[in-house]
file upload03.tsv (TSV, C-alpha atoms)
chain	number	residue	atom	x	y	z
A	1	MET	CA	8.18	27.67	-21.91
A	2	ALA	CA	9.70	30.28	-19.61
A	3	VAL	CA	12.93	29.50	-17.79
A	4	MET	CA	13.98	31.80	-14.96
A	5	VAL	CA	17.66	31.79	-14.00
A	6	THR	CA	19.23	33.63	-11.10
A	7	TYR	CA	22.96	34.17	-11.41
A	8	ASN	CA	25.67	36.47	-10.15
A	9	LEU	CA	26.89	39.15	-12.59
A	10	THR	CA	30.48	38.48	-11.51
A	11	ASN	CA	30.21	35.10	-13.28
A	12	GLN	CA	30.34	36.99	-16.62
A	13	TRP	CA	33.75	38.64	-16.21
A	14	PRO	CA	35.91	35.52	-16.84
A	15	GLN	CA	34.21	35.08	-20.22
A	16	ASN	CA	34.65	38.77	-21.02
A	17	ALA	CA	38.35	38.62	-20.06
A	18	ALA	CA	38.89	35.49	-22.18
A	19	ALA	CA	37.20	37.11	-25.20
A	20	GLY	CA	39.30	40.26	-24.82
A	21	LEU	CA	42.49	38.21	-24.53
A	22	LEU	CA	41.74	36.22	-27.70
A	23	THR	CA	40.82	39.26	-29.81
A	24	GLY	CA	43.31	41.73	-28.33
A	25	LYS	CA	40.62	44.17	-27.25
A	26	ARG	CA	41.16	46.63	-24.47
A	27	ARG	CA	39.36	46.28	-21.14
A	28	ARG	CA	37.20	49.35	-21.77
A	29	ASP	CA	36.02	48.24	-25.22
A	30	HIS	CA	32.39	47.14	-25.55
A	31	ILE	CA	32.40	43.35	-25.16
A	32	THR	CA	29.01	42.36	-26.67
A	33	PRO	CA	30.12	42.64	-30.35
A	34	VAL	CA	33.26	40.67	-29.44
A	35	LEU	CA	31.20	37.82	-27.95
A	36	ALA	CA	28.95	37.86	-31.02
A	37	SER	CA	31.93	37.65	-33.38
A	38	LEU	CA	33.23	34.64	-31.45
A	39	HIS	CA	29.72	33.07	-31.42
A	40	TRP	CA	29.84	32.94	-27.64
A	41	LEU	CA	26.60	33.22	-25.70
A	42	PRO	CA	26.75	35.31	-22.52
A	43	VAL	CA	26.74	33.17	-19.36
A	44	SER	CA	23.09	33.86	-18.50
A	45	PHE	CA	21.87	32.91	-21.99
A	46	ARG	CA	24.15	29.87	-22.02
A	47	ILE	CA	22.58	28.61	-18.78
A	48	GLN	CA	19.08	29.08	-20.20
A	49	TYR	CA	20.09	27.35	-23.45
A	50	GLU	CA	21.49	24.34	-21.58
A	51	ILE	CA	18.36	24.02	-19.43
A	52	VAL	CA	16.04	24.22	-22.45
A	53	LEU	CA	18.21	21.72	-24.36
A	54	LEU	CA	18.15	19.25	-21.42
A	55	VAL	CA	14.36	19.57	-21.12
A	56	TYR	CA	13.96	19.00	-24.87
A	57	LYS	CA	16.19	15.92	-24.80
A	58	THR	CA	14.36	14.59	-21.74
A	59	LEU	CA	10.91	14.97	-23.28
A	60	ASP	CA	12.17	13.46	-26.55
A	61	GLY	CA	13.67	10.42	-24.76
A	62	LEU	CA	17.30	11.32	-25.54
A	63	ALA	CA	18.45	12.16	-22.01
A	64	PRO	CA	19.83	9.80	-19.34
A	65	LEU	CA	17.27	7.99	-17.14
A	66	TYR	CA	17.93	10.08	-14.03
A	67	LEU	CA	16.98	13.25	-15.95
A	68	LYS	CA	13.92	11.58	-17.46
A	69	ILE	CA	12.78	10.64	-13.96
A	70	SER	CA	13.08	14.23	-12.74
A	71	ILE	CA	11.71	16.37	-15.58
A	72	THR	CA	8.78	14.59	-17.28
A	73	LEU	CA	5.70	16.84	-17.36
A	74	CYS	CA	2.03	15.96	-17.07
A	75	GLU	CA	-0.46	18.65	-18.09
A	76	ASN	CA	-4.04	18.73	-16.81
A	77	LEU	CA	-6.58	21.14	-18.27
A	78	SER	CA	-8.77	22.88	-15.71
A	79	VAL	CA	-12.17	24.39	-16.53
A	80	THR	CA	-10.90	27.93	-16.04
A	81	GLN	CA	-7.13	27.71	-16.55
A	82	ASN	CA	-4.25	25.50	-17.56
A	83	ILE	CA	-2.61	23.82	-14.57
A	84	THR	CA	0.66	21.97	-15.03
A	85	PHE	CA	1.74	19.33	-12.52
A	86	MET	CA	5.23	17.87	-12.45
A	87	HIS	CA	4.97	14.08	-12.47
A	88	PRO	CA	8.14	11.97	-12.61
A	89	ALA	CA	8.29	9.22	-15.20
A	90	TYR	CA	9.53	6.83	-12.50
A	91	PHE	CA	9.86	6.50	-8.77
A	92	ILE	CA	12.75	4.74	-7.05
A	93	ILE	CA	11.78	2.41	-4.18
A	94	ALA	CA	14.61	2.72	-1.66
A	95	GLY	CA	13.73	-0.02	0.84
A	96	PHE	CA	16.00	-0.60	3.82
A	97	SER	CA	19.08	1.55	4.28
A	98	GLY	CA	22.24	0.49	6.09
A	99	ILE	CA	21.12	-3.06	6.97
A	100	PRO	CA	23.53	-5.86	5.90
A	101	TYR	CA	22.25	-9.15	4.45
A	102	VAL	CA	18.80	-7.61	3.96
A	103	LYS	CA	18.11	-9.92	1.01
A	104	TYR	CA	17.63	-12.80	3.46
A	105	TYR	CA	14.72	-10.86	4.95
A	106	TYR	CA	13.04	-10.69	1.55
A	107	VAL	CA	13.61	-14.43	1.08
A	108	PHE	CA	11.92	-14.95	4.45
A	109	LEU	CA	8.96	-12.83	3.28
A	110	PHE	CA	8.76	-14.97	0.14
A	111	ILE	CA	8.50	-18.17	2.24
A	112	VAL	CA	5.75	-16.55	4.33
A	113	PHE	CA	4.02	-15.56	1.09
A	114	ILE	CA	4.02	-19.15	-0.20
A	115	VAL	CA	2.52	-20.43	3.07
A	116	SER	CA	-0.09	-17.64	2.94
A	117	VAL	CA	-1.10	-18.45	-0.64
A	118	ILE	CA	-1.48	-22.16	0.13
A	119	GLY	CA	-3.39	-21.56	3.37
A	120	ASN	CA	-5.83	-18.97	2.01
A	121	THR	CA	-6.45	-20.94	-1.17
A	122	ALA	CA	-7.21	-24.01	0.97
A	123	VAL	CA	-9.67	-22.06	3.19
A	124	MET	CA	-11.47	-20.66	0.12
A	125	ALA	CA	-11.62	-24.12	-1.47
A	126	VAL	CA	-13.00	-25.74	1.71
A	127	ILE	CA	-15.73	-23.09	2.07
A	128	TYR	CA	-16.61	-23.31	-1.64
A	129	PHE	CA	-16.79	-27.12	-1.91
A	130	ASP	CA	-18.34	-27.95	1.49
A	131	HIS	CA	-22.05	-27.17	1.38
A	132	ASN	CA	-22.23	-27.40	5.17
A	133	LEU	CA	-20.26	-24.13	5.37
A	134	ARG	CA	-23.01	-21.94	3.96
A	135	ALA	CA	-23.68	-19.81	7.05
A	136	PRO	CA	-23.43	-16.00	6.53
A	137	LYS	CA	-20.34	-15.94	8.76
A	138	TYR	CA	-18.37	-17.87	6.15
A	139	ILE	CA	-19.05	-15.21	3.54
A	140	ALA	CA	-16.91	-12.90	5.69
A	141	VAL	CA	-14.32	-15.65	6.25
A	142	PHE	CA	-14.16	-16.36	2.50
A	143	ASN	CA	-13.81	-12.64	1.77
A	144	LEU	CA	-11.03	-12.35	4.37
A	145	ALA	CA	-9.11	-15.20	2.70
A	146	PHE	CA	-9.68	-13.61	-0.74
A	147	VAL	CA	-8.42	-10.20	0.46
A	148	ASP	CA	-5.35	-11.81	2.07
A	149	LEU	CA	-4.59	-13.68	-1.15
A	150	LEU	CA	-5.12	-10.60	-3.34
A	151	GLY	CA	-3.08	-8.30	-1.09
A	152	ASN	CA	-0.13	-10.67	-0.81
A	153	THR	CA	-0.17	-11.42	-4.54
A	154	ALA	CA	-0.15	-7.69	-5.33
A	155	LEU	CA	2.64	-6.90	-2.86
A	156	VAL	CA	5.18	-9.71	-2.52
A	157	PRO	CA	6.03	-10.53	-6.18
A	158	LYS	CA	6.64	-6.84	-6.91
A	159	LEU	CA	8.64	-6.48	-3.69
A	160	LEU	CA	10.88	-9.39	-4.72
A	161	ASP	CA	11.28	-7.96	-8.22
A	162	ILE	CA	12.37	-4.60	-6.77
A	163	PHE	CA	14.84	-5.79	-4.15
A	164	LEU	CA	15.98	-9.31	-5.03
A	165	PHE	CA	16.25	-8.72	-8.79
A	166	ASN	CA	17.38	-5.10	-8.42
A	167	HIS	CA	14.59	-3.31	-10.32
A	168	PRO	CA	13.98	-0.31	-8.03
A	169	TYR	CA	12.50	1.89	-10.79
A	170	ILE	CA	8.71	1.83	-11.02
A	171	PRO	CA	6.73	3.97	-13.53
A	172	TYR	CA	4.50	6.69	-12.09
A	173	ASN	CA	1.17	5.13	-13.09
A	174	ASP	CA	2.30	1.65	-12.05
A	175	CYS	CA	3.24	3.07	-8.66
A	176	LEU	CA	-0.26	4.50	-8.18
A	177	ALA	CA	-1.79	1.15	-9.16
A	178	PHE	CA	0.56	-0.60	-6.71
A	179	LEU	CA	-0.55	1.84	-3.99
A	180	PHE	CA	-4.23	1.21	-4.83
A	181	PHE	CA	-4.11	-2.57	-4.44
A	182	CYS	CA	-1.92	-2.51	-1.31
A	183	TYR	CA	-4.00	0.05	0.57
A	184	THR	CA	-7.37	-1.33	-0.56
A	185	CYS	CA	-6.50	-4.77	0.76
A	186	LEU	CA	-5.09	-3.25	3.96
A	187	CYS	CA	-8.40	-1.41	4.51
A	188	MET	CA	-10.48	-4.48	3.72
A	189	GLN	CA	-8.61	-6.59	6.27
A	190	SER	CA	-9.69	-4.09	8.93
A	191	PHE	CA	-13.31	-3.99	7.71
A	192	ASN	CA	-13.49	-7.80	7.52
A	193	LEU	CA	-12.55	-8.01	11.18
A	194	VAL	CA	-15.43	-5.60	11.93
A	195	ALA	CA	-17.87	-7.86	10.04
A	196	LEU	CA	-16.68	-10.94	11.94
A	197	SER	CA	-16.88	-9.05	15.23
A	198	TYR	CA	-20.48	-8.03	14.55
A	199	ASP	CA	-21.32	-11.63	13.64
A	200	ARG	CA	-19.95	-12.86	17.01
A	201	LEU	CA	-21.75	-10.06	18.88
A	202	VAL	CA	-25.17	-10.98	17.48
A	203	ALA	CA	-24.52	-14.74	17.76
A	204	ILE	CA	-23.69	-14.55	21.49
A	205	ILE	CA	-25.90	-11.68	22.70
A	206	PHE	CA	-28.96	-12.35	20.52
A	207	PRO	CA	-28.75	-16.07	19.64
A	208	LEU	CA	-32.48	-16.39	18.90
A	209	HIS	CA	-32.44	-13.36	16.58
A	210	TYR	CA	-29.21	-14.41	14.81
A	211	PRO	CA	-30.87	-16.25	11.85
A	212	VAL	CA	-33.09	-13.20	11.24
A	213	LYS	CA	-30.49	-10.45	11.69
A	214	ILE	CA	-27.44	-12.10	10.08
A	215	THR	CA	-28.69	-13.33	6.71
A	216	HIS	CA	-26.76	-14.02	3.52
A	217	ARG	CA	-28.19	-10.86	1.99
A	218	PHE	CA	-27.17	-8.75	4.99
A	219	MET	CA	-23.63	-10.13	5.05
A	220	LEU	CA	-23.18	-9.66	1.29
A	221	SER	CA	-24.48	-6.08	1.57
A	222	LEU	CA	-22.15	-5.38	4.50
A	223	ILE	CA	-19.09	-6.78	2.71
A	224	GLY	CA	-20.04	-4.94	-0.51
A	225	SER	CA	-20.40	-1.62	1.31
A	226	PHE	CA	-16.98	-2.15	2.92
A	227	TRP	CA	-15.43	-2.78	-0.50
A	228	ALA	CA	-17.04	0.40	-1.85
A	229	LEU	CA	-15.81	2.44	1.13
A	230	ALA	CA	-12.24	1.10	0.83
A	231	ILE	CA	-12.05	1.70	-2.93
A	232	ILE	CA	-13.50	5.23	-2.71
A	233	ALA	CA	-11.17	6.17	0.16
A	234	VAL	CA	-8.06	4.96	-1.69
A	235	MET	CA	-9.16	6.57	-4.97
A	236	ILE	CA	-9.56	9.93	-3.21
A	237	ALA	CA	-6.02	9.63	-1.87
A	238	ILE	CA	-4.69	8.75	-5.36
A	239	GLY	CA	-6.64	11.62	-6.92
A	240	LEU	CA	-5.00	14.07	-4.53
A	241	ILE	CA	-1.56	12.61	-5.28
A	242	THR	CA	-2.05	13.29	-9.01
A	243	ARG	CA	-2.46	17.00	-8.16
A	244	LEU	CA	0.99	17.13	-6.59
A	245	SER	CA	4.13	18.29	-8.35
A	246	ILE	CA	6.83	15.81	-7.37
A	247	CYS	CA	10.09	17.75	-7.53
A	248	LYS	CA	11.88	17.34	-4.18
A	249	SER	CA	13.00	13.80	-5.01
A	250	VAL	CA	11.84	10.63	-6.76
A	251	VAL	CA	13.13	8.29	-4.04
A	252	ILE	CA	10.41	6.66	-1.90
A	253	ASN	CA	11.84	5.65	1.48
A	254	SER	CA	9.65	2.59	1.85
A	255	TYR	CA	9.31	-0.92	0.45
A	256	PHE	CA	6.28	-0.07	-1.72
A	257	CYS	CA	4.50	3.03	-3.07
A	258	ASP	CA	3.63	4.41	0.36
A	259	HIS	CA	1.15	7.32	0.36
A	260	GLY	CA	2.82	9.09	3.27
A	261	GLN	CA	6.24	8.96	1.62
A	262	ILE	CA	4.98	10.09	-1.81
A	263	TYR	CA	3.09	13.24	-0.82
A	264	ARG	CA	6.08	14.48	1.19
A	265	LEU	CA	8.06	14.62	-2.08
A	266	ALA	CA	5.79	17.36	-3.46
A	267	CYS	CA	6.89	20.98	-3.78
A	268	ASN	CA	3.37	22.43	-4.09
A	269	ASP	CA	0.61	22.43	-1.46
A	270	ASN	CA	0.20	18.94	0.01
A	271	TYR	CA	-1.95	19.92	2.99
A	272	PRO	CA	-5.05	17.95	1.75
A	273	ASN	CA	-2.86	14.84	1.57
A	274	TYR	CA	-1.61	15.51	5.09
A	275	VAL	CA	-5.21	15.81	6.34
A	276	LEU	CA	-6.07	12.48	4.72
A	277	SER	CA	-3.00	10.85	6.26
A	278	CYS	CA	-4.31	11.93	9.69
A	279	PHE	CA	-8.00	11.17	9.04
A	280	TYR	CA	-7.73	7.77	7.34
A	281	PRO	CA	-6.00	5.97	10.22
A	282	VAL	CA	-8.87	7.11	12.46
A	283	LEU	CA	-11.54	6.03	9.97
A	284	ILE	CA	-9.95	2.78	8.80
A	285	PHE	CA	-8.10	1.57	11.90
A	286	TRP	CA	-9.14	3.36	15.11
A	287	PHE	CA	-12.93	3.28	14.56
A	288	PRO	CA	-12.96	-0.44	13.66
A	289	LEU	CA	-10.71	-1.27	16.62
A	290	VAL	CA	-12.90	0.72	19.02
A	291	PHE	CA	-16.02	-1.03	17.69
A	292	ILE	CA	-14.39	-4.46	18.06
A	293	LEU	CA	-13.22	-3.73	21.62
A	294	ILE	CA	-16.62	-2.36	22.67
A	295	SER	CA	-18.40	-5.38	21.16
A	296	TYR	CA	-16.18	-7.82	23.07
A	297	LEU	CA	-16.51	-5.85	26.30
A	298	TYR	CA	-20.28	-6.01	25.85
A	299	ILE	CA	-20.06	-9.76	25.16
A	300	GLY	CA	-17.95	-10.31	28.29
A	301	PHE	CA	-20.25	-8.15	30.45
A	302	THR	CA	-23.39	-9.96	29.21
A	303	LEU	CA	-21.88	-13.43	29.69
A	304	ALA	CA	-20.79	-12.53	33.22
A	305	LYS	CA	-24.38	-11.54	34.06
A	306	VAL	CA	-26.47	-14.30	32.48
A	307	ALA	CA	-24.20	-17.34	32.03
A	308	SER	CA	-22.33	-19.64	34.34
A	309	ALA	CA	-18.53	-19.61	34.30
A	310	GLN	CA	-18.35	-22.80	32.21
A	311	GLU	CA	-20.92	-21.56	29.67
A	312	GLY	CA	-19.17	-18.18	29.47
A	313	ILE	CA	-15.79	-19.79	28.75
A	314	LYS	CA	-17.37	-22.04	26.12
A	315	ALA	CA	-19.02	-19.08	24.39
A	316	PHE	CA	-15.88	-16.95	24.58
A	317	LYS	CA	-13.77	-19.71	23.02
A	318	THR	CA	-15.56	-19.04	19.75
A	319	CYS	CA	-14.02	-15.52	19.82
A	320	ILE	CA	-10.40	-16.45	20.56
A	321	GLY	CA	-9.42	-16.86	16.91
A	322	HIS	CA	-10.93	-13.52	15.97
A	323	LEU	CA	-9.30	-11.71	18.90
A	324	SER	CA	-5.92	-13.17	17.93
A	325	LEU	CA	-6.30	-11.77	14.40
A	326	VAL	CA	-7.32	-8.37	15.80
A	327	ALA	CA	-4.19	-8.17	17.96
A	328	ILE	CA	-1.84	-9.35	15.19
A	329	TYR	CA	-3.29	-6.93	12.66
A	330	PHE	CA	-3.99	-3.73	14.60
A	331	ILE	CA	-1.10	-3.35	17.06
A	332	PRO	CA	1.78	-2.82	14.56
A	333	LEU	CA	-0.42	-0.83	12.16
A	334	LEU	CA	-1.58	1.62	14.82
A	335	ILE	CA	1.98	2.11	16.05
A	336	THR	CA	3.16	2.89	12.50
A	337	PHE	CA	0.31	5.16	11.37
A	338	THR	CA	0.00	7.00	14.69
A	339	LEU	CA	3.68	7.88	14.91
A	340	MET	CA	3.90	8.54	11.12
A	341	GLU	CA	7.11	10.47	10.31
A	342	LYS	CA	8.38	10.18	13.91
A	343	ILE	CA	9.14	6.49	13.42
A	344	GLU	CA	12.54	5.57	11.96
A	345	PRO	CA	12.27	4.55	8.25
A	346	ASN	CA	13.69	1.04	8.71
A	347	ALA	CA	11.38	0.39	11.67
A	348	ARG	CA	8.42	1.62	9.61
A	349	ILE	CA	9.32	-0.73	6.76
A	350	ILE	CA	9.66	-3.74	9.09
A	351	ASN	CA	6.37	-2.91	10.85
A	352	LEU	CA	4.37	-2.44	7.66
A	353	SER	CA	5.89	-5.38	5.79
A	354	LEU	CA	5.29	-7.82	8.65
A	355	THR	CA	1.75	-6.47	9.13
A	356	SER	CA	1.07	-6.90	5.42
A	357	ILE	CA	2.50	-10.43	5.19
A	358	PHE	CA	2.02	-12.14	8.56
A	359	PRO	CA	-1.75	-11.79	9.24
A	360	PRO	CA	-2.63	-13.27	5.81
A	361	MET	CA	-0.43	-16.26	6.67
A	362	LEU	CA	-1.83	-16.68	10.20
A	363	ASN	CA	-5.52	-16.13	9.33
A	364	PRO	CA	-6.11	-19.56	7.73
A	365	ILE	CA	-4.05	-21.33	10.41
A	366	ILE	CA	-6.01	-19.69	13.24
A	367	TYR	CA	-9.39	-20.30	11.61
A	368	VAL	CA	-8.63	-23.95	10.85
A	369	LEU	CA	-7.40	-24.57	14.41
A	370	GLN	CA	-10.05	-22.50	16.23
A	371	THR	CA	-13.18	-23.08	14.12
A	372	LYS	CA	-14.80	-26.45	14.78
A	373	GLU	CA	-16.86	-26.43	11.57
A	374	ILE	CA	-13.83	-25.81	9.33
A	375	LYS	CA	-11.80	-28.51	11.11
A	376	GLU	CA	-14.62	-31.02	10.61
A	377	SER	CA	-15.00	-29.92	6.99
A	378	VAL	CA	-11.28	-30.42	6.30
A	379	LYS	CA	-11.41	-33.91	7.87
A	380	ARG	CA	-14.51	-34.74	5.82
A	381	LEU	CA	-12.91	-33.58	2.55
A	382	ILE	CA	-9.75	-35.58	3.32
A	383	LYS	CA	-11.84	-38.71	3.94
A	384	ILE	CA	-13.74	-38.18	0.68
A	385	SER	CA	-10.49	-37.75	-1.27
A	386	LYS	CA	-9.04	-40.91	0.32
A	387	LYS	CA	-12.17	-42.91	-0.54
A	388	SER	CA	-12.09	-41.68	-4.14
A	389	LYS	CA	-8.41	-42.68	-4.45
A	390	MET	CA	-9.14	-46.13	-3.00
A	391	ALA	CA	-12.03	-46.56	-5.42
A	392	LYS	CA	-9.81	-45.63	-8.35
A	393	THR	CA	-7.11	-48.12	-7.29
A	394	LYS	CA	-9.73	-50.91	-6.96
A	395	ILE	CA	-11.09	-50.17	-10.42
A	396	SER	CA	-7.58	-50.13	-11.90
A	397	THR	CA	-6.69	-53.49	-10.27
A	398	MET	CA	-9.87	-55.21	-11.50

call {"tool": "encode", "arguments": {"input": "upload03.tsv", "output": "structure tokens"}}
result
Amino acid sequence: MAVMVTYNLTNQWPQNAAAGLLTGKRRRDHITPVLASLHWLPVSFRIQYEIVLLVYKTLDGLAPLYLKISITLCENLSVTQNITFMHPAYFIIAGFSGIPYVKYYYVFLFIVFIVSVIGNTAVMAVIYFDHNLRAPKYIAVFNLAFVDLLGNTALVPKLLDIFLFNHPYIPYNDCLAFLFFCYTCLCMQSFNLVALSYDRLVAIIFPLHYPVKITHRFMLSLIGSFWALAIIAVMIAIGLITRLSICKSVVINSYFCDHGQIYRLACNDNYPNYVLSCFYPVLIFWFPLVFILISYLYIGFTLAKVASAQEGIKAFKTCIGHLSLVAIYFIPLLITFTLMEKIEPNARIINLSLTSIFPPMLNPIIYVLQTKEIKESVKRLIKISKKSKMAKTKISTM
């Protein structure tokens, strides 16, 4: 291991003067044998010795945690040459800075999380148990509820552990896994809205062709391809992060392992990561939003031409719930990812955290209130449960 140290030669003279004073040597006498007799290393060698000793202690687990975070090495063998990347053992999730009583905000997010878990679990249970909800559309609705549940479960418990229970240190590999689940679910929420938008487009514009075009097989294939695209996109981003040497800092100025904040900590070339951070918002957020807006403009234009005002309003009511989800999900995300580093860190954290937590809570509420079939299914399941309870009480009283 080679250690390069740059120092000023004038730093050596105090040691030389001290050695001469102790041994009674004159100023013009050669000082190297004097230092050797005193077992003193010259300043330059002493610096190198201390650095090597600290690195040894760090790699052997004998150094303090802050040194272990900064110096742990990860070696990757290339086909043609050995390439060494500096990977910290841990990252530190900073969260909000300079905001008093911020713990109450995390408690609020926990309450939203509980409501989200209950609501999405209820929607999945209703779709699973009610055989009347077997249309291809409900495959996308079920998948949306599953993604919301998975994303919130991956994010909120870890967020509470970091900030409420004061565990800001997260191991390097755990951080990448955290990033994977958060960003995959964020991507899938966007793609799910595209699938639901396409379903509404075909149902309103081509109602006679709907049973032929939107089949269970087609919807499953569409959802599966979206999952594959989201996973591959996030894995590419993680693969590029592993080729970065993190040496500027180990502090992530976000509330989770944020890709944009991690690659900026690198001291080697992070340009591919920067390109991805510009390209992915276009692919994952702008393209889906443009498709959704064009589809609804086309729906509105077609209804204005061929339907009466009352029929048009009735048809468009079936889209209100979906449009509400689109607005809630896309507006804060596009603001955050378009402005990127221009946005103030605390504002970025609030934007992303609310976007990650609120839509999963509102999705089941909006779908239950706006979808006639789900409302009827919920009422039917409640009636069945009441009848079964009454039957049990009659049997017990007999």

call {"tool": "residues_around", "arguments": {"input": "upload03.tsv", "residues": "A:Phe191", "least_positions_apart": "3", "cutoff": "7 Å", "atoms": "all atoms listed in the file", "output": "ChimeraX atom specification"}}
result
/A:187-188,194-195,226,288

call {"tool": "residues_near_point", "arguments": {"input": "upload03.tsv", "point": "(10.9, 3.6, -14.8)", "cutoff": "7 Å", "atoms": "all atoms listed in the file", "output": "PyMOL selection string"}}
result
chain A and resi 89-91+169-171

call {"tool": "residues_around", "arguments": {"input": "upload03.tsv", "residues": "stretch 273-286 of chain A", "least_positions_apart": "4", "cutoff": "12 Å", "atoms": "all atoms listed in the file", "output": "short mmCIF file (atom, residue, chain, number, x, y, z; two decimals) with C-alpha atoms, in the coordinates of the input"}}
result
data_model
loop_
_atom_site.label_atom_id
_atom_site.label_comp_id
_atom_site.auth_asym_id
_atom_site.auth_seq_id
_atom_site.Cartn_x
_atom_site.Cartn_y
_atom_site.Cartn_z
CA TYR A 183 -4.00 0.05 0.57
CA THR A 184 -7.37 -1.33 -0.56
CA CYS A 185 -6.50 -4.77 0.76
CA LEU A 186 -5.09 -3.25 3.96
CA CYS A 187 -8.40 -1.41 4.51
CA MET A 188 -10.48 -4.48 3.72
CA GLN A 189 -8.61 -6.59 6.27
CA SER A 190 -9.69 -4.09 8.93
CA PHE A 191 -13.31 -3.99 7.71
CA ASN A 192 -13.49 -7.80 7.52
CA LEU A 193 -12.55 -8.01 11.18
CA VAL A 194 -15.43 -5.60 11.93
CA PHE A 226 -16.98 -2.15 2.92
CA LEU A 229 -15.81 2.44 1.13
CA ALA A 230 -12.24 1.10 0.83
CA ILE A 231 -12.05 1.70 -2.93
CA ILE A 232 -13.50 5.23 -2.71
CA ALA A 233 -11.17 6.17 0.16
CA VAL A 234 -8.06 4.96 -1.69
CA MET A 235 -9.16 6.57 -4.97
CA ILE A 236 -9.56 9.93 -3.21
CA ALA A 237 -6.02 9.63 -1.87
CA ILE A 238 -4.69 8.75 -5.36
CA GLY A 239 -6.64 11.62 -6.92
CA LEU A 240 -5.00 14.07 -4.53
CA ILE A 241 -1.56 12.61 -5.28
CA THR A 242 -2.05 13.29 -9.01
CA ARG A 243 -2.46 17.00 -8.16
CA LEU A 244 0.99 17.13 -6.59
CA ASP A 258 3.63 4.41 0.36
CA HIS A 259 1.15 7.32 0.36
CA GLY A 260 2.82 9.09 3.27
CA GLN A 261 6.24 8.96 1.62
CA ILE A 262 4.98 10.09 -1.81
CA TYR A 263 3.09 13.24 -0.82
CA ARG A 264 6.08 14.48 1.19
CA LEU A 265 8.06 14.62 -2.08
CA ALA A 266 5.79 17.36 -3.46
CA ASN A 268 3.37 22.43 -4.09
CA ASP A 269 0.61 22.43 -1.46
CA VAL A 290 -12.90 0.72 19.02
CA PHE A 291 -16.02 -1.03 17.69
CA ILE A 292 -14.39 -4.46 18.06
CA LEU A 293 -13.22 -3.73 21.62
CA VAL A 326 -7.32 -8.37 15.80
CA TYR A 329 -3.29 -6.93 12.66
CA PHE A 330 -3.99 -3.73 14.60
CA ILE A 331 -1.10 -3.35 17.06
CA PRO A 332 1.78 -2.82 14.56
CA LEU A 333 -0.42 -0.83 12.16
CA LEU A 334 -1.58 1.62 14.82
CA ILE A 335 1.98 2.11 16.05
CA THR A 336 3.16 2.89 12.50
CA PHE A 337 0.31 5.16 11.37
CA THR A 338 0.00 7.00 14.69
CA LEU A 339 3.68 7.88 14.91
CA MET A 340 3.90 8.54 11.12
CA GLU A 341 7.11 10.47 10.31
#

call {"tool": "closest_atom_pairs", "arguments": {"input": "upload03.tsv", "of": "stretch 188-269 of chain A", "to": "stretch 133-140 of chain A", "cutoff": "7 Å", "atoms": "all atoms listed in the file", "output": "Markdown table"}}
result
| residue | atom | partner | partner_atom | distance |
| --- | --- | --- | --- | --- |
| A:Asn192 | CA | A:Ala140 | CA | 6.4 |
| A:Ala195 | CA | A:Ala140 | CA | 6.7 |
| A:Leu196 | CA | A:Ala140 | CA | 6.6 |
| A:Asp199 | CA | A:Lys137 | CA | 6.6 |
| A:Ile214 | CA | A:Pro136 | CA | 6.6 |
| A:Thr215 | CA | A:Pro136 | CA | 5.9 |
| A:His216 | CA | A:Pro136 | CA | 4.9 |
| A:Met219 | CA | A:Pro136 | CA | 6.1 |

call {"tool": "residues_around", "arguments": {"input": "upload03.tsv", "residues": "stretch 145-148 of chain A", "least_positions_apart": "2", "cutoff": "7 Å", "atoms": "all atoms listed in the file", "output": "PyMOL selection string"}}
result
chain A and resi 120+123-124+141-143+150-152+185+188-189+360

call {"tool": "write_last_selection", "arguments": {"input": "upload03.tsv", "atoms": "C-alpha atoms", "output": "mmCIF file, keeping the file's coordinate frame"}}
result
data_model
loop_
_atom_site.group_PDB
_atom_site.id
_atom_site.type_symbol
_atom_site.label_atom_id
_atom_site.label_comp_id
_atom_site.auth_asym_id
_atom_site.auth_seq_id
_atom_site.Cartn_x
_atom_site.Cartn_y
_atom_site.Cartn_z
ATOM 1 C CA ASN A 120 -5.830 -18.970 2.010
ATOM 2 C CA VAL A 123 -9.670 -22.060 3.190
ATOM 3 C CA MET A 124 -11.470 -20.660 0.120
ATOM 4 C CA VAL A 141 -14.320 -15.650 6.250
ATOM 5 C CA PHE A 142 -14.160 -16.360 2.500
ATOM 6 C CA ASN A 143 -13.810 -12.640 1.770
ATOM 7 C CA LEU A 150 -5.120 -10.600 -3.340
ATOM 8 C CA GLY A 151 -3.080 -8.300 -1.090
ATOM 9 C CA ASN A 152 -0.130 -10.670 -0.810
ATOM 10 C CA CYS A 185 -6.500 -4.770 0.760
ATOM 11 C CA MET A 188 -10.480 -4.480 3.720
ATOM 12 C CA GLN A 189 -8.610 -6.590 6.270
ATOM 13 C CA PRO A 360 -2.630 -13.270 5.810
#

call {"tool": "atom_distance", "arguments": {"input": "upload03.tsv", "atom1": "atom CA of A:Lys57", "atom2": "atom CA of A:Ala94"}}
result
26.7 Å

call {"tool": "closest_residue", "arguments": {"input": "upload03.tsv", "among": "A:Tyr198, A:Phe85, A:Phe113, A:Tyr106", "to": "A:Ser356", "atoms": "all atoms listed in the file"}}
result
A:Phe113

call {"tool": "closest_residue", "arguments": {"input": "upload03.tsv", "among": "A:Leu179, A:Val112, A:Ile223, A:Ile118", "to": "A:Thr355", "atoms": "only C-alpha atoms"}}
result
A:Val112

call {"tool": "atom_distance", "arguments": {"input": "upload03.tsv", "atom1": "atom CA of A:Ile246", "atom2": "atom CA of A:Pro168"}}
result
17.6 Å

call {"tool": "atom_distance", "arguments": {"input": "upload03.tsv", "atom1": "atom CA of A:Ser116", "atom2": "atom CA of A:Ser377"}}
result
19.7 Å
